[in-house]
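K.L.:
Hey, dropping upload.cif in here, mmCIF, C-alpha atoms and all ligand atoms:
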data_protein
loop_
_atom_site.group_PDB
_atom_site.id
_atom_site.type_symbol
_atom_site.label_atom_id
_atom_site.label_comp_id
_atom_site.auth_asym_id
_atom_site.auth_seq_id
_atom_site.Cartn_x
_atom_site.Cartn_y
_atom_site.Cartn_z
ATOM 1 C CA MET A 1 93.385 121.643 122.125
ATOM 2 C CA ARG A 2 91.585 123.769 119.561
ATOM 3 C CA LEU A 3 88.207 122.121 120.329
ATOM 4 C CA ALA A 4 88.497 121.841 124.116
ATOM 5 C CA GLY A 5 85.323 120.715 125.883
ATOM 6 C CA ARG A 6 83.309 119.931 122.736
ATOM 7 C CA LYS A 7 81.101 116.848 122.576
ATOM 8 C CA ALA A 8 81.436 115.018 119.261
ATOM 9 C CA VAL A 9 79.587 112.133 117.628
ATOM 10 C CA VAL A 10 81.388 110.078 114.963
ATOM 11 C CA THR A 11 79.487 107.406 113.023
ATOM 12 C CA GLY A 12 81.321 104.336 111.763
ATOM 13 C CA ALA A 13 83.773 105.091 114.583
ATOM 14 C CA GLY A 14 85.004 101.516 114.652
ATOM 15 C CA GLY A 15 86.157 101.622 111.031
ATOM 16 C CA ALA A 16 89.531 102.522 109.558
ATOM 17 C CA MET A 17 88.850 106.227 109.103
ATOM 18 C CA GLY A 18 86.298 106.723 111.890
ATOM 19 C CA LYS A 19 88.757 105.595 114.555
ATOM 20 C CA VAL A 20 91.354 108.095 113.309
ATOM 21 C CA PHE A 21 88.780 110.919 113.091
ATOM 22 C CA ALA A 22 87.663 110.197 116.670
ATOM 23 C CA GLN A 23 91.219 110.110 118.001
ATOM 24 C CA VAL A 24 92.241 113.360 116.268
ATOM 25 C CA LEU A 25 89.094 115.134 117.570
ATOM 26 C CA ALA A 26 89.952 113.819 121.064
ATOM 27 C CA LYS A 27 93.518 115.139 120.758
ATOM 28 C CA GLU A 28 91.937 118.551 120.054
ATOM 29 C CA GLY A 29 89.965 118.300 123.307
ATOM 30 C CA CYS A 30 86.662 116.635 122.329
ATOM 31 C CA ASP A 31 84.891 113.882 124.206
ATOM 32 C CA VAL A 32 83.735 111.498 121.493
ATOM 33 C CA ALA A 33 80.727 109.198 121.200
ATOM 34 C CA GLY A 34 81.241 106.542 118.542
ATOM 35 C CA LEU A 35 78.297 104.889 116.809
ATOM 36 C CA ASP A 36 78.928 101.625 115.009
ATOM 37 C CA VAL A 37 77.169 98.353 114.320
ATOM 38 C CA ALA A 38 80.370 96.356 114.950
ATOM 39 C CA ALA A 39 81.315 95.744 118.605
ATOM 40 C CA ASP A 40 85.007 94.921 117.969
ATOM 41 C CA GLY A 41 85.533 98.174 116.072
ATOM 42 C CA LEU A 42 83.874 100.107 118.891
ATOM 43 C CA GLU A 43 86.354 98.653 121.380
ATOM 44 C CA ARG A 44 89.254 99.872 119.242
ATOM 45 C CA PHE A 45 87.581 103.294 118.958
ATOM 46 C CA GLY A 46 87.157 103.562 122.752
ATOM 47 C CA ALA A 47 90.780 102.627 123.410
ATOM 48 C CA ALA A 48 92.046 105.138 120.804
ATOM 49 C CA VAL A 49 90.066 108.011 122.363
ATOM 50 C CA ARG A 50 90.912 107.142 125.995
ATOM 51 C CA GLU A 51 94.629 107.033 125.053
ATOM 52 C CA THR A 52 94.364 110.821 124.619
ATOM 53 C CA GLY A 53 92.846 111.323 128.083
ATOM 54 C CA ARG A 54 89.400 112.278 126.759
ATOM 55 C CA ALA A 55 86.134 110.428 127.409
ATOM 56 C CA ALA A 56 84.739 107.920 124.910
ATOM 57 C CA LEU A 57 81.210 106.586 124.697
ATOM 58 C CA GLU A 58 80.736 103.394 122.686
ATOM 59 C CA VAL A 59 77.205 103.119 121.291
ATOM 60 C CA LYS A 60 76.359 100.009 119.298
ATOM 61 C CA ALA A 61 73.620 100.813 116.786
ATOM 62 C CA ASP A 62 72.548 100.092 113.236
ATOM 63 C CA ILE A 63 72.154 103.627 111.948
ATOM 64 C CA THR A 64 70.132 102.528 108.925
ATOM 65 C CA ASP A 65 67.322 102.028 111.481
ATOM 66 C CA LEU A 66 65.656 105.285 112.584
ATOM 67 C CA ASP A 67 64.437 104.027 115.986
ATOM 68 C CA ALA A 68 67.818 102.492 116.848
ATOM 69 C CA THR A 69 69.529 105.741 115.833
ATOM 70 C CA GLU A 70 67.200 107.902 117.934
ATOM 71 C CA ASN A 71 67.845 105.657 120.952
ATOM 72 C CA ALA A 72 71.600 105.874 120.369
ATOM 73 C CA ILE A 73 71.594 109.685 120.206
ATOM 74 C CA GLU A 74 69.316 109.820 123.256
ATOM 75 C CA GLU A 75 71.947 107.758 125.098
ATOM 76 C CA VAL A 76 74.629 110.304 124.133
ATOM 77 C CA ARG A 77 72.449 113.246 125.192
ATOM 78 C CA ALA A 78 71.620 111.568 128.506
ATOM 79 C CA ALA A 79 75.312 110.966 129.196
ATOM 80 C CA TRP A 80 76.694 114.299 128.004
ATOM 81 C CA GLY A 81 73.806 116.737 127.919
ATOM 82 C CA GLY A 82 74.555 118.069 124.438
ATOM 83 C CA ILE A 83 76.271 117.547 121.108
ATOM 84 C CA ASP A 84 78.467 120.134 119.346
ATOM 85 C CA ILE A 85 79.987 118.175 116.455
ATOM 86 C CA LEU A 86 78.658 115.408 114.207
ATOM 87 C CA VAL A 87 80.829 113.522 111.713
ATOM 88 C CA ASN A 88 78.689 111.391 109.398
ATOM 89 C CA ASN A 89 81.381 108.916 108.377
ATOM 90 C CA ALA A 90 79.749 105.454 108.303
ATOM 91 C CA GLY A 91 79.362 104.021 104.833
ATOM 92 C CA GLY A 92 80.668 101.491 102.419
ATOM 93 C CA GLY A 93 80.733 100.526 98.755
ATOM 94 C CA MET A 94 79.820 97.614 96.527
ATOM 95 C CA VAL A 95 81.095 96.689 93.073
ATOM 96 C CA ARG A 96 78.293 95.403 90.874
ATOM 97 C CA ARG A 97 77.362 95.857 87.211
ATOM 98 C CA PHE A 98 74.320 98.134 87.295
ATOM 99 C CA HIS A 99 72.042 95.737 85.397
ATOM 100 C CA GLU A 100 72.995 92.877 87.729
ATOM 101 C CA MET A 101 72.308 94.788 90.960
ATOM 102 C CA THR A 102 69.299 93.542 92.898
ATOM 103 C CA ALA A 103 66.751 95.927 94.405
ATOM 104 C CA ALA A 104 67.932 94.809 97.866
ATOM 105 C CA GLU A 105 71.563 95.684 97.016
ATOM 106 C CA TRP A 106 70.477 99.097 95.723
ATOM 107 C CA ARG A 107 68.519 99.757 98.917
ATOM 108 C CA GLN A 108 71.493 98.637 101.006
ATOM 109 C CA MET A 109 73.770 101.186 99.291
ATOM 110 C CA VAL A 110 71.223 103.982 99.782
ATOM 111 C CA ASP A 111 70.502 102.950 103.385
ATOM 112 C CA VAL A 112 74.121 102.646 104.531
ATOM 113 C CA ASN A 113 75.465 105.725 102.737
ATOM 114 C CA LEU A 114 72.544 108.198 102.653
ATOM 115 C CA THR A 115 69.608 107.183 104.874
ATOM 116 C CA SER A 116 72.074 106.751 107.750
ATOM 117 C CA VAL A 117 73.053 110.423 107.327
ATOM 118 C CA PHE A 118 69.357 111.401 107.418
ATOM 119 C CA ASN A 119 68.714 109.277 110.526
ATOM 120 C CA VAL A 120 71.675 110.507 112.580
ATOM 121 C CA THR A 121 71.482 114.153 111.515
ATOM 122 C CA ARG A 122 67.755 114.287 112.188
ATOM 123 C CA ALA A 123 68.346 112.940 115.690
ATOM 124 C CA VAL A 124 71.293 115.273 116.426
ATOM 125 C CA VAL A 125 70.040 118.621 115.046
ATOM 126 C CA PRO A 126 67.575 119.286 117.928
ATOM 127 C CA ALA A 127 70.496 118.963 120.393
ATOM 128 C CA MET A 128 72.503 121.484 118.325
ATOM 129 C CA LEU A 129 69.539 123.882 118.111
ATOM 130 C CA GLU A 130 69.235 123.723 121.909
ATOM 131 C CA ARG A 131 72.955 124.572 122.185
ATOM 132 C CA GLY A 132 72.591 127.492 119.734
ATOM 133 C CA GLY A 133 74.768 125.916 117.046
ATOM 134 C CA GLY A 134 76.949 123.061 115.949
ATOM 135 C CA ARG A 135 79.173 121.604 113.242
ATOM 136 C CA ILE A 136 78.234 118.796 110.882
ATOM 137 C CA VAL A 137 80.841 117.224 108.598
ATOM 138 C CA ASN A 138 79.672 114.616 106.097
ATOM 139 C CA ILE A 139 82.017 112.120 104.457
ATOM 140 C CA SER A 140 81.112 111.583 100.815
ATOM 141 C CA SER A 141 83.616 110.384 98.177
ATOM 142 C CA ILE A 142 85.209 111.457 94.916
ATOM 143 C CA ALA A 143 82.886 108.746 93.606
ATOM 144 C CA ALA A 144 80.102 111.321 94.032
ATOM 145 C CA LEU A 145 81.945 113.948 91.998
ATOM 146 C CA ARG A 146 83.468 111.883 89.173
ATOM 147 C CA GLY A 147 81.913 108.491 89.882
ATOM 148 C CA GLY A 148 81.182 107.185 86.444
ATOM 149 C CA ARG A 149 84.757 107.605 85.274
ATOM 150 C CA LEU A 150 86.857 107.013 88.382
ATOM 151 C CA VAL A 151 84.904 104.436 90.379
ATOM 152 C CA ARG A 152 83.522 101.926 87.905
ATOM 153 C CA HIS A 153 80.636 99.539 88.560
ATOM 154 C CA ALA A 154 79.673 101.218 91.820
ATOM 155 C CA SER A 155 76.510 103.028 90.712
ATOM 156 C CA GLY A 156 74.603 102.435 93.971
ATOM 157 C CA TYR A 157 77.477 103.861 96.032
ATOM 158 C CA VAL A 158 77.988 106.750 93.589
ATOM 159 C CA ALA A 159 74.301 107.700 93.670
ATOM 160 C CA ALA A 160 74.089 107.530 97.470
ATOM 161 C CA LYS A 161 77.295 109.544 98.009
ATOM 162 C CA ALA A 162 76.014 112.142 95.501
ATOM 163 C CA GLY A 163 72.903 112.295 97.696
ATOM 164 C CA VAL A 164 75.164 113.187 100.635
ATOM 165 C CA VAL A 165 76.548 116.112 98.603
ATOM 166 C CA GLY A 166 73.025 117.382 97.863
ATOM 167 C CA LEU A 167 71.883 116.923 101.448
ATOM 168 C CA THR A 168 74.950 118.833 102.698
ATOM 169 C CA LYS A 169 74.035 121.870 100.582
ATOM 170 C CA ALA A 170 70.329 121.733 101.479
ATOM 171 C CA LEU A 171 71.048 121.497 105.225
ATOM 172 C CA ALA A 172 73.706 124.231 105.028
ATOM 173 C CA ILE A 173 71.025 126.611 103.761
ATOM 174 C CA GLU A 174 68.310 125.336 106.096
ATOM 175 C CA TYR A 175 70.344 125.842 109.293
ATOM 176 C CA ALA A 176 72.506 128.795 108.212
ATOM 177 C CA THR A 177 70.804 131.189 110.639
ATOM 178 C CA ASP A 178 70.857 128.659 113.500
ATOM 179 C CA GLY A 179 74.632 128.630 113.950
ATOM 180 C CA ILE A 180 74.945 125.141 112.470
ATOM 181 C CA THR A 181 77.419 124.722 109.613
ATOM 182 C CA VAL A 182 77.170 121.695 107.320
ATOM 183 C CA ASN A 183 80.169 120.774 105.195
ATOM 184 C CA CYS A 184 81.339 117.728 103.295
ATOM 185 C CA ILE A 185 84.654 116.083 102.478
ATOM 186 C CA ALA A 186 84.910 113.989 99.311
ATOM 187 C CA PRO A 187 87.985 111.802 99.917
ATOM 188 C CA GLY A 188 89.942 110.080 97.205
ATOM 189 C CA ALA A 189 91.442 106.599 97.653
ATOM 190 C CA GLN A 190 92.863 106.269 101.148
ATOM 191 C CA ARG A 191 95.663 104.250 102.731
ATOM 192 C CA THR A 192 93.173 102.001 104.593
ATOM 193 C CA PRO A 193 92.849 98.193 104.924
ATOM 194 C CA GLY A 194 90.096 98.337 102.274
ATOM 195 C CA ARG A 195 92.887 98.702 99.694
ATOM 196 C CA ASP A 196 95.091 95.906 101.062
ATOM 197 C CA GLY A 197 93.616 93.441 98.565
ATOM 198 C CA ASP A 198 94.841 95.467 95.540
ATOM 199 C CA THR A 199 97.166 93.520 93.233
ATOM 200 C CA PRO A 200 100.393 95.379 92.269
ATOM 201 C CA GLU A 201 98.851 95.968 88.820
ATOM 202 C CA GLN A 202 95.642 97.411 90.320
ATOM 203 C CA ARG A 203 97.651 99.664 92.648
ATOM 204 C CA GLU A 204 99.820 100.890 89.776
ATOM 205 C CA ALA A 205 96.743 101.606 87.636
ATOM 206 C CA LEU A 206 95.111 103.502 90.522
ATOM 207 C CA LEU A 207 98.181 105.602 91.303
ATOM 208 C CA ALA A 208 98.619 106.379 87.596
ATOM 209 C CA GLN A 209 95.210 108.173 87.716
ATOM 210 C CA ILE A 210 96.091 110.310 90.772
ATOM 211 C CA PRO A 211 98.116 113.460 89.997
ATOM 212 C CA THR A 212 100.120 113.219 93.259
ATOM 213 C CA ARG A 213 100.743 109.465 92.628
ATOM 214 C CA THR A 214 99.926 108.783 96.283
ATOM 215 C CA LEU A 215 97.015 107.479 98.351
ATOM 216 C CA GLY A 216 95.437 109.785 100.917
ATOM 217 C CA SER A 217 95.819 109.574 104.674
ATOM 218 C CA PRO A 218 92.900 109.463 107.138
ATOM 219 C CA GLU A 219 95.010 111.609 109.511
ATOM 220 C CA ASP A 220 95.031 114.402 106.897
ATOM 221 C CA LEU A 221 91.267 114.074 106.388
ATOM 222 C CA ALA A 222 90.854 114.365 110.165
ATOM 223 C CA GLU A 223 92.713 117.709 110.077
ATOM 224 C CA SER A 224 90.144 118.978 107.562
ATOM 225 C CA ILE A 225 87.334 117.879 109.874
ATOM 226 C CA VAL A 226 88.973 119.793 112.733
ATOM 227 C CA PHE A 227 89.313 122.844 110.453
ATOM 228 C CA PHE A 228 85.572 122.803 109.659
ATOM 229 C CA CYS A 229 84.861 122.664 113.423
ATOM 230 C CA LEU A 230 87.053 125.604 114.455
ATOM 231 C CA PRO A 231 85.357 128.829 115.601
ATOM 232 C CA SER A 232 87.067 130.595 112.673
ATOM 233 C CA ALA A 233 85.187 128.342 110.207
ATOM 234 C CA ALA A 234 81.794 129.782 111.206
ATOM 235 C CA TYR A 235 81.423 131.424 107.779
ATOM 236 C CA LEU A 236 82.213 128.187 105.875
ATOM 237 C CA THR A 237 79.097 126.204 105.117
ATOM 238 C CA GLY A 238 77.855 124.050 102.249
ATOM 239 C CA VAL A 239 81.448 123.436 101.144
ATOM 240 C CA ILE A 240 82.223 120.216 99.257
ATOM 241 C CA LEU A 241 85.963 119.644 99.725
ATOM 242 C CA PRO A 242 87.594 117.100 97.419
ATOM 243 C CA GLN A 243 90.680 115.778 99.266
ATOM 244 C CA ASP A 244 92.044 113.419 96.673
ATOM 245 C CA GLY A 245 95.490 114.340 95.349
ATOM 246 C CA GLY A 246 93.810 115.981 92.365
ATOM 247 C CA HIS A 247 92.073 112.751 91.322
ATOM 248 C CA SER A 248 88.725 114.457 90.679
ATOM 249 C CA ILE A 249 90.106 117.281 88.497
HETATM 250 N N1 LIG B 301 88.688 104.224 102.482
HETATM 251 C C1 LIG B 301 88.600 104.952 101.375
HETATM 252 O O1 LIG B 301 89.470 104.896 100.488
HETATM 253 C C2 LIG B 301 87.436 105.905 101.196
HETATM 254 C C3 LIG B 301 87.447 106.809 100.125
HETATM 255 C C4 LIG B 301 86.373 107.686 99.978
HETATM 256 C C5 LIG B 301 85.329 107.681 100.880
HETATM 257 N N2 LIG B 301 85.344 106.773 101.913
HETATM 258 C C6 LIG B 301 84.215 106.804 102.852
HETATM 259 O O2 LIG B 301 84.753 107.019 104.149
HETATM 260 C C7 LIG B 301 83.938 106.394 105.128
HETATM 261 C C8 LIG B 301 84.771 105.470 106.015
HETATM 262 O O3 LIG B 301 85.442 104.533 105.205
HETATM 263 P P1 LIG B 301 86.416 103.416 105.821
HETATM 264 O O4 LIG B 301 87.419 103.105 104.774
HETATM 265 O O5 LIG B 301 86.864 103.827 107.170
HETATM 266 O O6 LIG B 301 85.401 102.190 105.904
HETATM 267 P P2 LIG B 301 85.313 101.017 107.038
HETATM 268 O O7 LIG B 301 84.540 99.924 106.398
HETATM 269 O O8 LIG B 301 86.658 100.724 107.598
HETATM 270 O O9 LIG B 301 84.433 101.712 108.166
HETATM 271 C C9 LIG B 301 83.047 101.923 108.046
HETATM 272 C C10 LIG B 301 82.430 101.712 109.415
HETATM 273 O O10 LIG B 301 81.033 101.982 109.323
HETATM 274 C C11 LIG B 301 80.356 101.002 110.088
HETATM 275 N N3 LIG B 301 78.993 100.804 109.586
HETATM 276 C C12 LIG B 301 78.623 100.320 108.383
HETATM 277 N N4 LIG B 301 77.288 100.218 108.319
HETATM 278 C C13 LIG B 301 76.807 100.653 109.513
HETATM 279 C C14 LIG B 301 75.509 100.776 110.061
HETATM 280 N N5 LIG B 301 74.435 100.409 109.364
HETATM 281 N N6 LIG B 301 75.385 101.254 111.309
HETATM 282 C C15 LIG B 301 76.468 101.619 112.035
HETATM 283 N N7 LIG B 301 77.732 101.515 111.565
HETATM 284 C C16 LIG B 301 77.891 101.042 110.319
HETATM 285 C C17 LIG B 301 81.170 99.719 109.890
HETATM 286 O O11 LIG B 301 80.898 98.757 110.903
HETATM 287 C C18 LIG B 301 82.587 100.271 109.920
HETATM 288 O O12 LIG B 301 83.130 100.250 111.225
HETATM 289 C C19 LIG B 301 82.833 105.664 104.347
HETATM 290 O O13 LIG B 301 81.695 106.480 104.268
HETATM 291 C C20 LIG B 301 83.454 105.507 102.967
HETATM 292 O O14 LIG B 301 82.477 105.368 101.958
HETATM 293 C C21 LIG B 301 86.365 105.901 102.090
#
Kindly return the structure encoded in the file as structure tokens.

P.N.:
Amino acid sequence: MRLAGRKAVVTGAGGAMGKVFAQVLAKEGCDVAGLDVAADGLERFGAAVRETGRAALEVKADITDLDATENAIEEVRAAWGGIDILVNNAGGGMVRRFHEMTAAEWRQMVDVNLTSVFNVTRAVVPAMLERGGGRIVNISSIAALRGGRLVRHASGYVAAKAGVVGLTKALAIEYATDGITVNCIAPGAQRTPGRDGDTPEQREALLAQIPTRTLGSPEDLAESIVFFCLPSAAYLTGVILPQDGGHSI
């Protein structure tokens, strides 16, 4: 219960990692509002949080839309009065040769992975300023750090996730005297259903690139999120943490 009584918002809470992040934050004492565009995922999120005895708030919203996002955060503020923690987790990739990508596909990558972070953070920061502080943890990817070499044919995703890294640093500076820390985790390949379609050859080739020869676990990433939210992490801001078994070295 290291975060007892905190109010947290997790985006993409219905997804593979978001559900785990929400449940681990709840186990540490947070009530968690989950934002997601997918209703079935939100149900799973709510059940996972309530299992811990904490309160869950399911908010269905497309966070690429600024108005929808502002309404969603208003709903959280009306229900809970304030927000202490924001985990910008929603996102997703696309494999496409760069010269074959349409303008709409490019915009989709930027909207889902970067504009969503702008929309939600912009809506949440006033609540944190009112509270005298807060913790923001952004989920980028090793794709942002070593994208060209490690994550091939994903230029839209790579560019957007690199934008999340830049935004993290800019916001860390901008809110440093307001008690708001802004940090970022750049995960490597995770043990999530997104990898279930790998052929044995693809899996072997992937693991051969990773120094630990293992995939990462969302539960371990969640522990890093908790760490960034602890009172003792008040002096940690603007950190980009690669959690990837050494893949990005
Ligand atoms: N899984 C991995 O190996 C891995 C590695 C590095 C980084 N990441 C990043 O971690 C995050 C979570 O990944 P995941 O594997 O859990 O993905 P996922 O697809 O399981 O979950 C993503 C969630 O975001 C939601 N979402 C997408 N667009 C949305 C929108 N416009 N509005 C609201 N919700 C929206 C989806 O409905 C989904 O529930 C993503 O940002 C991803 O890029 C994942």

K.L.:
How many Å lie between atom CA of Ile136 of chain A and atom CA of Glu28 of chain A, rounded to one decimal?

P.N.:
16.5 Å

K.L.:
Given the file shown, enumerate the residues that the PyMOL selection byres (((chain A and resi 229-239) around 9) and not hetatm) captures and present them as a VMD selection string.

P.N.:
chain A and resid 2 to 3 85 134 to 137 165 168 to 173 176 179 to 185 224 to 228 240 to 241

K.L.:
Name the residues, by chain letter and number, that sit within 8 Å of ligand LIG 301 (chain B) using all atoms listed in the file, and give them as JSON, numbers by chain.

P.N.:
{"A": [11, 12, 13, 14, 15, 16, 17, 18, 19, 35, 36, 37, 38, 41, 42, 60, 61, 62, 63, 64, 65, 88, 89, 90, 91, 92, 93, 111, 112, 113, 116, 139, 140, 141, 142, 143, 157, 161, 186, 187, 188, 189, 190, 191, 192, 193, 194, 195, 216]}

K.L.:
From the options A:Glu130, A:Glu58, A:Asp84, A:Glu223, which residue's atoms come nearest to Ala72 of chain A, counting only C-alpha atoms?

P.N.:
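Among the listed residues, A:Glu58 lies closest to Ala72 of chain A.
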
K.L.:
Kindly resolve the PyMOL selection byres (((chain A and resi 212) around 7) and not hetatm) on the present coordinates and return the residues as a list in words.

P.N.:
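This file gives the following for the PyMOL selection byres (((chain A and resi 212) around 7) and not hetatm): Ile210, Pro211, Arg213, Thr214, Gly245 and Gly246 of chain A.
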
K.L.:
Which one of A:His99, A:Arg131, A:Arg50, A:Arg44 sits closest to His153 of chain A if you count only C-alpha atoms?

P.N.:
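Smallest distance to His153 of chain A is found for A:His99.
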
K.L.:
Enter the distance from atom CA of Glu43 of chain A to atom CA of Glu70 of chain A, in Å, rounded to one decimal.

P.N.:
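Rounded to one decimal, the two atoms are 21.5 Å apart.
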
K.L.:
In Å, rounded to a single decimal, give me how far atom CA of Arg97 of chain A is from atom CA of Ser248 of chain A.

P.N.:
22.1 Å

K.L.:
Of the candidates A:Ala144, A:Met128, A:Met94, A:Leu66, which one gets nearest to Pro242 of chain A if we count only C-alpha atoms?

P.N.:
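The shortest atom-to-atom distance to Pro242 of chain A comes from A:Ala144.
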
K.L.:
Could you tell me which residues the PyMOL selection byres (((chain A and resi 8) around 7) and not hetatm) grabs in this file, written as a PyMOL selection string?

P.N.:
chain A and resi 6-7+9-10+30-33+83-86

K.L.:
Check the smallest atom-to-atom distance from each of A:Val87, A:Gly81, A:Arg54, A:Asp67 to Gly34 of chain A using all atoms listed in the file, then report the winner.

P.N.:
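Looking only at the distances to Gly34 of chain A, the closest residue turns out to be A:Val87.
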
K.L.:
Have a look at A:Ser155, A:Thr115, A:Ser217, A:Thr52 and name the one nearest to Leu167 of chain A; count all atoms listed in the file.

P.N.:
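Ranking A:Ser155, A:Thr115, A:Ser217, A:Thr52 by distance to Leu167 of chain A, first place goes to A:Thr115.
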
K.L.:
Can you work out which one of A:Thr69, A:Glu105, A:Pro126, A:Gly46 has the shortest atom-to-atom distance to Gly82 of chain A, counting all atoms listed in the file?

P.N.:
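The closest residue to Gly82 of chain A is A:Pro126.
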
K.L.:
Enclose all atoms of segment 193-201 of chain A listed in the file in an axis-aligned box, grow every side by 3 Å, and hand back centre and edge lengths in Å to one decimal, as JSON.

P.N.:
{"center_x": 95.2, "center_y": 96.1, "center_z": 96.9, "size_x": 16.3, "size_y": 11.3, "size_z": 22.1}
